[in-house]
Every structure is written in C-alpha cells, then in structure tokens.
$ cat query30.cif   # mmCIF, C-alpha atoms
data_data
loop_
_atom_site.label_atom_id
_atom_site.label_comp_id
_atom_site.auth_asym_id
_atom_site.auth_seq_id
_atom_site.Cartn_x
_atom_site.Cartn_y
_atom_site.Cartn_z
CA ARG A 1 271.71 183.22 -22.27
CA PHE A 2 268.84 181.49 -24.01
CA GLU A 3 268.65 184.26 -26.61
CA ASN A 4 272.38 183.98 -27.32
CA ASP A 5 271.91 180.34 -28.34
CA PHE A 6 268.45 180.45 -29.91
CA GLY A 7 267.93 184.10 -30.87
CA SER A 8 268.22 183.48 -34.62
CA ARG A 9 265.62 180.69 -34.52
CA SER A 10 261.87 180.87 -35.00
CA VAL A 11 260.16 180.09 -31.68
CA ALA A 12 258.00 177.55 -33.50
CA SER A 13 261.08 175.57 -34.55
CA ILE A 14 262.51 175.04 -31.05
CA THR A 15 261.73 171.63 -29.60
CA ARG A 16 261.16 170.25 -26.12
CA GLU A 17 264.30 168.10 -26.45
CA GLU A 18 266.45 171.13 -27.34
CA ILE A 19 265.20 173.06 -24.34
CA THR A 20 265.84 170.07 -22.07
CA ASP A 21 269.39 169.58 -23.36
CA TRP A 22 270.12 173.32 -23.08
CA ILE A 23 268.95 173.52 -19.47
CA ARG A 24 270.80 170.35 -18.41
CA GLY A 25 273.93 171.67 -20.13
CA LEU A 26 274.04 174.78 -17.94
CA GLY A 27 275.87 172.88 -15.22
CA GLN A 28 273.62 174.46 -12.58
CA SER A 29 271.96 173.02 -9.48
CA ALA A 30 268.50 171.49 -9.77
CA THR A 31 266.97 174.62 -8.23
CA SER A 32 268.72 176.91 -10.73
CA GLN A 33 267.75 174.68 -13.66
CA ASN A 34 264.11 174.85 -12.60
CA ASN A 35 264.35 178.64 -12.23
CA TYR A 36 265.62 178.87 -15.83
CA LEU A 37 262.79 176.59 -16.97
CA ARG A 38 260.22 178.77 -15.21
CA VAL A 39 261.39 181.87 -17.09
CA ILE A 40 261.61 180.02 -20.42
CA ARG A 41 258.04 178.79 -19.97
CA ILE A 42 256.92 182.39 -19.51
CA LEU A 43 258.70 183.29 -22.76
CA PHE A 44 257.00 180.55 -24.78
CA ASN A 45 253.61 181.19 -23.16
CA GLU A 46 253.87 184.74 -24.53
CA GLY A 47 254.57 183.15 -27.92
CA VAL A 48 251.35 181.14 -27.66
CA LYS A 49 249.39 184.24 -26.65
CA GLY A 50 250.83 186.09 -29.64
CA LYS A 51 249.92 183.16 -31.92
CA PHE A 52 253.52 182.63 -32.98
CA LEU A 53 253.15 178.94 -32.13
CA ASP A 54 250.32 176.57 -31.26
CA GLU A 55 251.77 175.07 -28.08
CA SER A 56 254.72 175.82 -25.82
CA PRO A 57 257.54 173.26 -26.21
CA ALA A 58 258.63 174.14 -22.66
CA LYS A 59 255.29 173.03 -21.23
CA HIS A 60 256.30 169.36 -21.04
CA VAL A 61 259.96 169.77 -20.10
CA THR A 62 260.54 167.73 -16.94
CA GLU A 63 261.81 169.67 -13.96
CA ALA A 64 265.15 168.69 -12.50
CA LYS A 65 264.83 166.47 -9.46
CA LYS A 66 265.90 168.14 -6.22
CA THR A 67 267.80 166.12 -3.68
CA GLN A 68 266.57 166.80 -0.17
CA THR A 69 269.28 168.40 1.94
CA GLU A 70 269.41 168.40 5.69
CA VAL A 71 269.38 171.76 7.40
CA GLY A 72 271.99 172.50 10.03
CA THR A 73 270.73 172.38 13.60
CA LEU A 74 272.22 172.67 17.07
CA SER A 75 271.88 169.92 19.62
CA PRO A 76 270.37 170.96 22.97
CA GLN A 77 273.84 170.71 24.48
CA GLU A 78 275.35 172.96 21.80
CA LEU A 79 272.62 175.56 22.23
CA CYS A 80 273.23 175.55 25.99
CA ARG A 81 276.90 176.29 25.34
CA VAL A 82 275.99 179.16 23.00
CA LEU A 83 273.64 180.70 25.58
CA ASP A 84 276.20 180.20 28.32
CA LYS A 85 278.89 182.02 26.32
CA CYS A 86 276.84 184.93 24.99
CA PRO A 87 276.96 188.40 26.60
CA GLY A 88 273.80 189.52 28.42
CA GLU A 89 272.68 191.98 25.75
CA LEU A 90 272.74 189.20 23.15
CA VAL A 91 270.57 186.77 25.15
CA PRO A 92 267.20 188.02 23.74
CA VAL A 93 268.56 187.82 20.19
CA ILE A 94 269.71 184.22 20.51
CA ALA A 95 266.66 183.16 22.52
CA ILE A 96 264.19 184.63 20.01
CA GLY A 97 266.05 182.97 17.16
CA ALA A 98 266.28 179.59 18.89
CA PHE A 99 262.87 179.43 20.56
CA ALA A 100 260.68 181.49 18.18
CA GLY A 101 262.44 180.89 14.86
CA VAL A 102 262.51 184.57 13.91
CA ARG A 103 264.96 185.31 11.10
CA ARG A 104 268.09 187.29 11.94
CA GLU A 105 267.10 190.14 9.60
CA GLU A 106 263.67 190.26 11.23
CA ILE A 107 265.18 190.37 14.72
CA LYS A 108 267.34 193.29 13.61
CA LYS A 109 264.15 195.29 12.96
CA LEU A 110 262.18 193.97 15.92
CA ASP A 111 261.08 196.44 18.60
CA TRP A 112 260.35 195.47 22.20
CA ARG A 113 256.88 196.98 21.78
CA ASP A 114 256.07 193.99 19.55
CA VAL A 115 257.19 191.47 22.16
CA ASP A 116 254.04 190.89 24.20
CA LEU A 117 254.92 188.76 27.21
CA GLN A 118 251.47 189.23 28.72
CA HIS A 119 249.71 187.58 25.79
CA GLY A 120 252.65 185.41 24.78
CA THR A 121 253.24 186.61 21.22
CA ILE A 122 255.90 188.27 19.08
CA ARG A 123 254.52 190.37 16.26
CA ILE A 124 256.51 190.51 13.03
CA ARG A 125 255.25 193.52 11.10
CA PRO A 126 254.92 193.41 7.29
CA SER A 127 257.64 196.03 6.89
CA ASN A 128 260.03 193.81 8.84
CA ALA A 129 259.03 190.39 7.49
CA LYS A 130 260.67 188.64 4.56
CA SER A 131 257.20 187.69 3.31
CA ALA A 132 255.93 191.29 3.77
CA ARG A 133 253.01 189.92 5.82
CA ASN A 134 251.94 190.26 9.43
CA ARG A 135 252.53 187.24 11.64
CA LEU A 136 252.30 186.41 15.32
CA VAL A 137 254.81 183.95 16.73
CA PRO A 138 253.91 182.29 20.04
CA ILE A 139 256.30 182.78 22.95
CA GLU A 140 256.98 179.33 24.40
CA HIS A 141 257.29 179.02 28.18
CA ASN A 142 261.07 178.68 28.22
CA LEU A 143 261.48 181.65 25.86
CA ALA A 144 259.40 183.77 28.24
CA ASP A 145 261.84 182.85 31.02
CA TRP A 146 264.76 184.07 28.92
CA LEU A 147 263.05 187.33 27.93
CA ARG A 148 261.40 188.51 31.15
CA PRO A 149 264.56 189.60 33.01
CA ARG A 150 265.74 191.65 30.00
CA ALA A 151 262.46 192.91 28.50
CA LYS A 152 262.11 196.64 27.80
CA ALA A 153 259.15 198.87 27.17
CA GLU A 154 260.46 199.86 23.75
CA GLY A 155 263.58 200.03 21.64
CA ARG A 156 265.38 197.65 19.34
CA VAL A 157 265.82 194.06 20.48
CA TRP A 158 268.99 193.78 18.40
CA CYS A 159 272.06 194.93 20.29
CA ARG A 160 274.84 197.14 19.02
CA GLY A 161 277.52 195.12 17.24
CA GLY A 162 275.19 192.11 17.18
CA ASP A 163 276.68 190.38 14.12
CA LYS A 164 280.21 190.51 15.51
CA LYS A 165 279.06 189.41 18.95
CA LEU A 166 277.16 186.47 17.45
CA THR A 167 280.27 185.29 15.63
CA GLN A 168 282.36 185.66 18.79
CA THR A 169 279.75 183.81 20.82
CA PHE A 170 279.57 180.85 18.44
CA ARG A 171 283.35 180.69 18.37
CA ALA A 172 283.50 180.73 22.16
CA ALA A 173 280.91 177.91 22.15
CA GLY A 174 283.16 175.72 19.99
CA PHE A 175 282.31 176.66 16.41
CA GLY A 176 285.22 177.63 14.19
CA LYS A 177 287.81 176.29 11.77
CA PRO A 178 289.53 173.18 13.14
CA GLY A 179 293.11 174.01 14.00
CA THR A 180 292.34 177.59 15.04
CA GLU A 181 291.33 176.66 18.60
CA PRO A 182 292.93 178.80 21.34
CA GLU A 183 295.77 177.09 23.20
CA LYS A 184 293.63 176.49 26.26
CA GLU A 185 291.03 174.60 24.21
CA LYS A 186 293.72 172.67 22.32
CA LYS A 187 295.25 171.45 25.57
CA ALA A 188 291.81 170.43 26.80
CA GLY A 189 291.27 168.44 23.61
CA VAL A 190 288.49 170.71 22.32
CA LYS A 191 288.02 170.62 18.56
CA PHE A 192 286.00 173.25 16.72
CA ARG A 193 282.98 172.28 14.66
CA TRP A 194 283.04 173.98 11.28
CA PRO A 195 281.14 175.52 9.77
CA TYR A 196 278.44 176.30 12.29
CA PRO A 197 275.12 175.72 10.56
CA ASP A 198 273.74 178.61 8.55
CA ASN A 199 270.53 179.92 10.14
CA ALA A 200 271.16 177.37 12.88
CA LEU A 201 268.87 179.02 15.42
CA ARG A 202 265.83 179.21 13.12
CA HIS A 203 266.44 175.71 11.76
CA SER A 204 266.82 174.31 15.26
CA TYR A 205 263.57 175.94 16.34
CA ALA A 206 261.65 174.47 13.40
CA THR A 207 263.14 170.99 13.74
CA TYR A 208 262.59 170.64 17.49
CA TRP A 209 259.20 172.39 17.43
CA LEU A 210 257.87 169.94 14.83
CA ALA A 211 259.37 167.00 16.72
CA LYS A 212 257.59 168.03 19.92
CA PHE A 213 254.29 169.54 18.76
CA LYS A 214 253.82 167.61 15.49
CA ASP A 215 251.75 170.33 13.79
CA SER A 216 253.22 171.30 10.42
CA GLY A 217 250.43 173.78 9.67
CA ALA A 218 250.97 175.77 12.86
CA LEU A 219 254.74 175.66 12.37
CA SER A 220 254.35 177.07 8.85
CA LEU A 221 252.40 180.01 10.26
CA ASN A 222 255.02 180.57 12.95
CA LEU A 223 257.80 180.60 10.35
CA GLY A 224 255.93 182.85 7.93
CA HIS A 225 255.51 180.25 5.17
CA THR A 226 252.40 180.18 2.98
CA ASN A 227 252.14 176.37 3.09
CA SER A 228 253.63 173.30 4.74
CA ARG A 229 255.81 172.21 1.82
CA ILE A 230 259.02 173.77 3.16
CA VAL A 231 258.36 172.22 6.55
CA PHE A 232 258.00 168.78 4.99
CA ASP A 233 261.05 169.28 2.77
CA HIS A 234 263.45 170.48 5.46
CA TYR A 235 262.31 170.02 9.03
CA ARG A 236 261.20 166.42 9.32
CA ALA A 237 264.63 165.33 10.52
CA PRO A 238 264.64 162.32 12.84
CA VAL A 239 264.94 163.79 16.32
CA ALA A 240 264.97 161.68 19.45
CA GLU A 241 261.99 162.38 21.68
CA GLU A 242 264.25 163.04 24.65
CA ASP A 243 266.24 165.60 22.63
CA ALA A 244 263.06 167.46 21.67
CA GLU A 245 261.96 167.48 25.32
CA ALA A 246 265.41 168.66 26.43
CA TYR A 247 265.44 171.48 23.86
CA TRP A 248 262.20 173.00 25.17
CA GLN A 249 263.38 172.70 28.77
CA ILE A 250 266.42 174.92 28.22
CA ARG A 251 265.98 177.74 30.70
CA PRO A 252 268.19 180.32 32.43
CA ARG A 253 269.55 179.24 35.78
CA GLU A 254 267.77 182.09 37.56
CA ALA A 255 264.78 182.92 35.38
CA LYS A 256 262.43 185.40 37.02
CA ASN A 257 258.72 184.65 36.88
CA VAL A 258 257.54 188.24 37.00
CA VAL A 259 258.94 191.47 35.61
CA GLU A 260 257.44 194.93 35.69
CA ILE A 261 257.45 196.75 32.38
CA LYS A 262 256.53 200.41 32.68
CA ARG A 263 254.79 202.03 29.74
CA GLU A 264 253.89 205.69 29.96
CA GLY A 265 254.08 205.57 33.73
CA VAL A 266 251.82 202.53 34.10
CA ALA A 267 253.35 199.37 35.55
#
$ encode --input "query30.cif" --output "structure tokens"
Amino acid sequence: RFENDFGSRSVASITREEITDWIRGLGQSATSQNNYLRVIRILFNEGVKGKFLDESPAKHVTEAKKTQTEVGTLSPQELCRVLDKCPGELVPVIAIGAFAGVRREEIKKLDWRDVDLQHGTIRIRPSNAKSARNRLVPIEHNLADWLRPRAKAEGRVWCRGGDKKLTQTFRAAGFGKPGTEPEKEKKAGVKFRWPYPDNALRHSYATYWLAKFKDSGALSLNLGHTNSRIVFDHYRAPVAEEDAEAYWQIRPREAKNVVEIKREGVA
C-alpha cells in the first residue's frame, strides 16, 4: 500500500509529515497504525544502510496512542454457574483455563502426563505453547481439588467435542444473545449476557491472580509473557478484595483430597 502511493518517489524526498499523514489516513486502529509504522521504519532503515538517504524520515514519526481496553472477565458467581453447568469431561478444561490461565489452544494439546499434581505444576511444552517456550504453571490449591478426581495417567486433557460443549456450557450458564433465552429462563426473568468475554477464563485467572498475589513478574511467567507490560496494560482491573478471595475459594462440592494415579503398574 505504501509503494502504491510513494513508489514513484525517491526515498530521500519523502518526509516525516507525509508518512505521518499517510499512516493516520489509513483509518486503522492504533495498533494497526503502529504495525504499519514498524514495517515502514524497516524499509527506510534499509535505505540508510544502502546510503540512499542520510536519515530515516520514519524514525521520528510518533506512534499512535493506544487506548487501554478492559479485558472481559467472569465474576466468581458467573464462574460457579459455568462449572455447575459443564459436563464432567469438560471440568478439567474449564478449571485449567480459569485457575491456571492456560490458553484454549494450549489445553487442546495438553497431555495428562504434563499435569503433575504431586509437585503442583502444569508443564506447557514449547511445541504446544504460543510463545514456543517451556513454562511451568503452578497448580493452585483449589485447582488441585478440581483435577484430582478426574486426573489420568496419560492422554489428552481436552475432551471430544470440546469447543461445542464449551459453547453449550456458557449458554446454559446464562451467556447468549438477549432474546434467545429458552422459555423456562424467560419466565424466570433470566436475561442472557452477550457476548461472553473472549478468552474469559484466561483473563479471569490473570485478573484475580494479580489481585490476590500482587506479583506481576510471577504472573507474567505463569502466562508465558516475556515481560510484565501486558500484565500492567490489561490485568490491573480494580477487583474487590472479597471477590479475589472468593474466586480462589471456588471448589467442587465433594473434592477428594487423594487420588491414586497408576503409571506403568506403580500407584
């Protein structure tokens, strides 16, 4: 797109003001504008290296200001409804998302062999991680209670038909287009919340974890981020202390304290 508008020009004749006006005229979001600027800077830096110009005019173009957006989270009460409505085979999926912050695509590749209840960690292998790096996510006490009764020696954590079952579960928990509520819910005065927050489980984990433990560095490691910037940008939402406490007290009604997992004949 830049070449279409400036391709007939000498790179040395293009000014900072022209680049700024061109980027702002794209009608894109601040993030997209800054992505365009990043690529254009690479282009002009090559021009400097090739001695086609003395200095890059893109060097001093001001980046578009991003407006902080709030991530969608579930209240402790909403998460309880989701867990109450989900089928048994989906419980580990929702619990790992909500209480360990593992991405949905990472859970889809997660094997029970990497869920170490004895040492309290979930290993996300590089081949399964978005960042392509190893990471260990701590298993909080309430997550352990959700996982122990359903833990397996090996095999995929993700259940068959998981995406469809997740959608059905959220709908059963009260998330859907207003006006499409089943008759029973309509008569009871139940109104759907729409849309249910994207990546709600991971975002809820990060928001309530930071509110309770107040350690952005550790949270960044748990989430697989290379620094704390994303944590500061997205997960410092004002959360009431009692809500954070309630979130990490969500447990199954009959959580078992001990489960035997047999591996190669050894309990």
$ closest_residue --input "query30.cif" --among "A:Asp84, A:Asp163, A:Glu106, A:Asp145" --to "Arg133 (chain A)" --atoms "all atoms listed in the file"
A:Glu106
$ axis_aligned_box --input "query30.cif" --around "region 124-140 of chain A" --padding-each-side "4 Å" --output "AutoDock Vina command-line options"
--center_x 256.3 --center_y 187.7 --center_z 13.9 --size_x 16.7 --size_y 24.7 --size_z 29.1
$ residues_around --input "query30.cif" --residues "region 38-53 of chain A" --least-positions-apart "6" --cutoff "12 Å" --atoms "all atoms listed in the file" --output "number ranges by chain"
A: 1-3, 6, 10-16, 19-20, 22-23, 31-32, 59-64
$ resolve_selection --input "query30.cif" --expression "the PyMOL selection byres ((chain A and resi 85) around 10)" --output "PDB file with C-alpha atoms, in the frame of the given file"
ATOM      1  CA  LEU A  79     272.620 175.560  22.230  1.00  0.00           C
ATOM      2  CA  CYS A  80     273.230 175.550  25.990  1.00  0.00           C
ATOM      3  CA  ARG A  81     276.900 176.290  25.340  1.00  0.00           C
ATOM      4  CA  VAL A  82     275.990 179.160  23.000  1.00  0.00           C
ATOM      5  CA  LEU A  83     273.640 180.700  25.580  1.00  0.00           C
ATOM      6  CA  ASP A  84     276.200 180.200  28.320  1.00  0.00           C
ATOM      7  CA  CYS A  86     276.840 184.930  24.990  1.00  0.00           C
ATOM      8  CA  PRO A  87     276.960 188.400  26.600  1.00  0.00           C
ATOM      9  CA  GLY A  88     273.800 189.520  28.420  1.00  0.00           C
ATOM     10  CA  LEU A  90     272.740 189.200  23.150  1.00  0.00           C
ATOM     11  CA  VAL A  91     270.570 186.770  25.150  1.00  0.00           C
ATOM     12  CA  GLN A 168     282.360 185.660  18.790  1.00  0.00           C
ATOM     13  CA  THR A 169     279.750 183.810  20.820  1.00  0.00           C
ATOM     14  CA  PHE A 170     279.570 180.850  18.440  1.00  0.00           C
ATOM     15  CA  ARG A 171     283.350 180.690  18.370  1.00  0.00           C
ATOM     16  CA  ALA A 172     283.500 180.730  22.160  1.00  0.00           C
ATOM     17  CA  ALA A 173     280.910 177.910  22.150  1.00  0.00           C
ATOM     18  CA  GLY A 174     283.160 175.720  19.990  1.00  0.00           C
TER      19      GLY A 174
END
$ atom_distance --input "query30.cif" --atom1 "CA of Glu154 (chain A)" --atom2 "CA of Leu110 (chain A)"
9.9 Å
$ closest_residue --input "query30.cif" --among "A:Phe213, A:Arg125, A:His203, A:Val102" --to "Ile230 (chain A)" --atoms "all atoms listed in the file"
A:His203
$ atom_distance --input "query30.cif" --atom1 "CA of Ala151 (chain A)" --atom2 "CA of Lys165 (chain A)"
19.5 Å
$ residues_around --input "query30.cif" --residues "Gly224 (chain A)" --least-positions-apart "3" --cutoff "7 Å" --atoms "all atoms listed in the file" --output "ChimeraX atom specification"
/A:131,135,220-221
$ write_last_selection --input "query30.cif" --atoms "C-alpha atoms" --output "mmCIF file, in the frame of the given file"
data_model
loop_
_atom_site.group_PDB
_atom_site.id
_atom_site.type_symbol
_atom_site.label_atom_id
_atom_site.label_comp_id
_atom_site.auth_asym_id
_atom_site.auth_seq_id
_atom_site.Cartn_x
_atom_site.Cartn_y
_atom_site.Cartn_z
ATOM 1 C CA SER A 131 257.200 187.690 3.310
ATOM 2 C CA ARG A 135 252.530 187.240 11.640
ATOM 3 C CA SER A 220 254.350 177.070 8.850
ATOM 4 C CA LEU A 221 252.400 180.010 10.260
#
$ resolve_selection --input "query30.cif" --expression "the PyMOL selection byres ((chain A and resi 138-140) around 8)" --output "list in words"
Phe99, Ala100, Leu117, Gly120, Thr121, Ile122, Leu136, Val137, His141, Asn142, Leu143, Ala144 and Asn222 of chain A
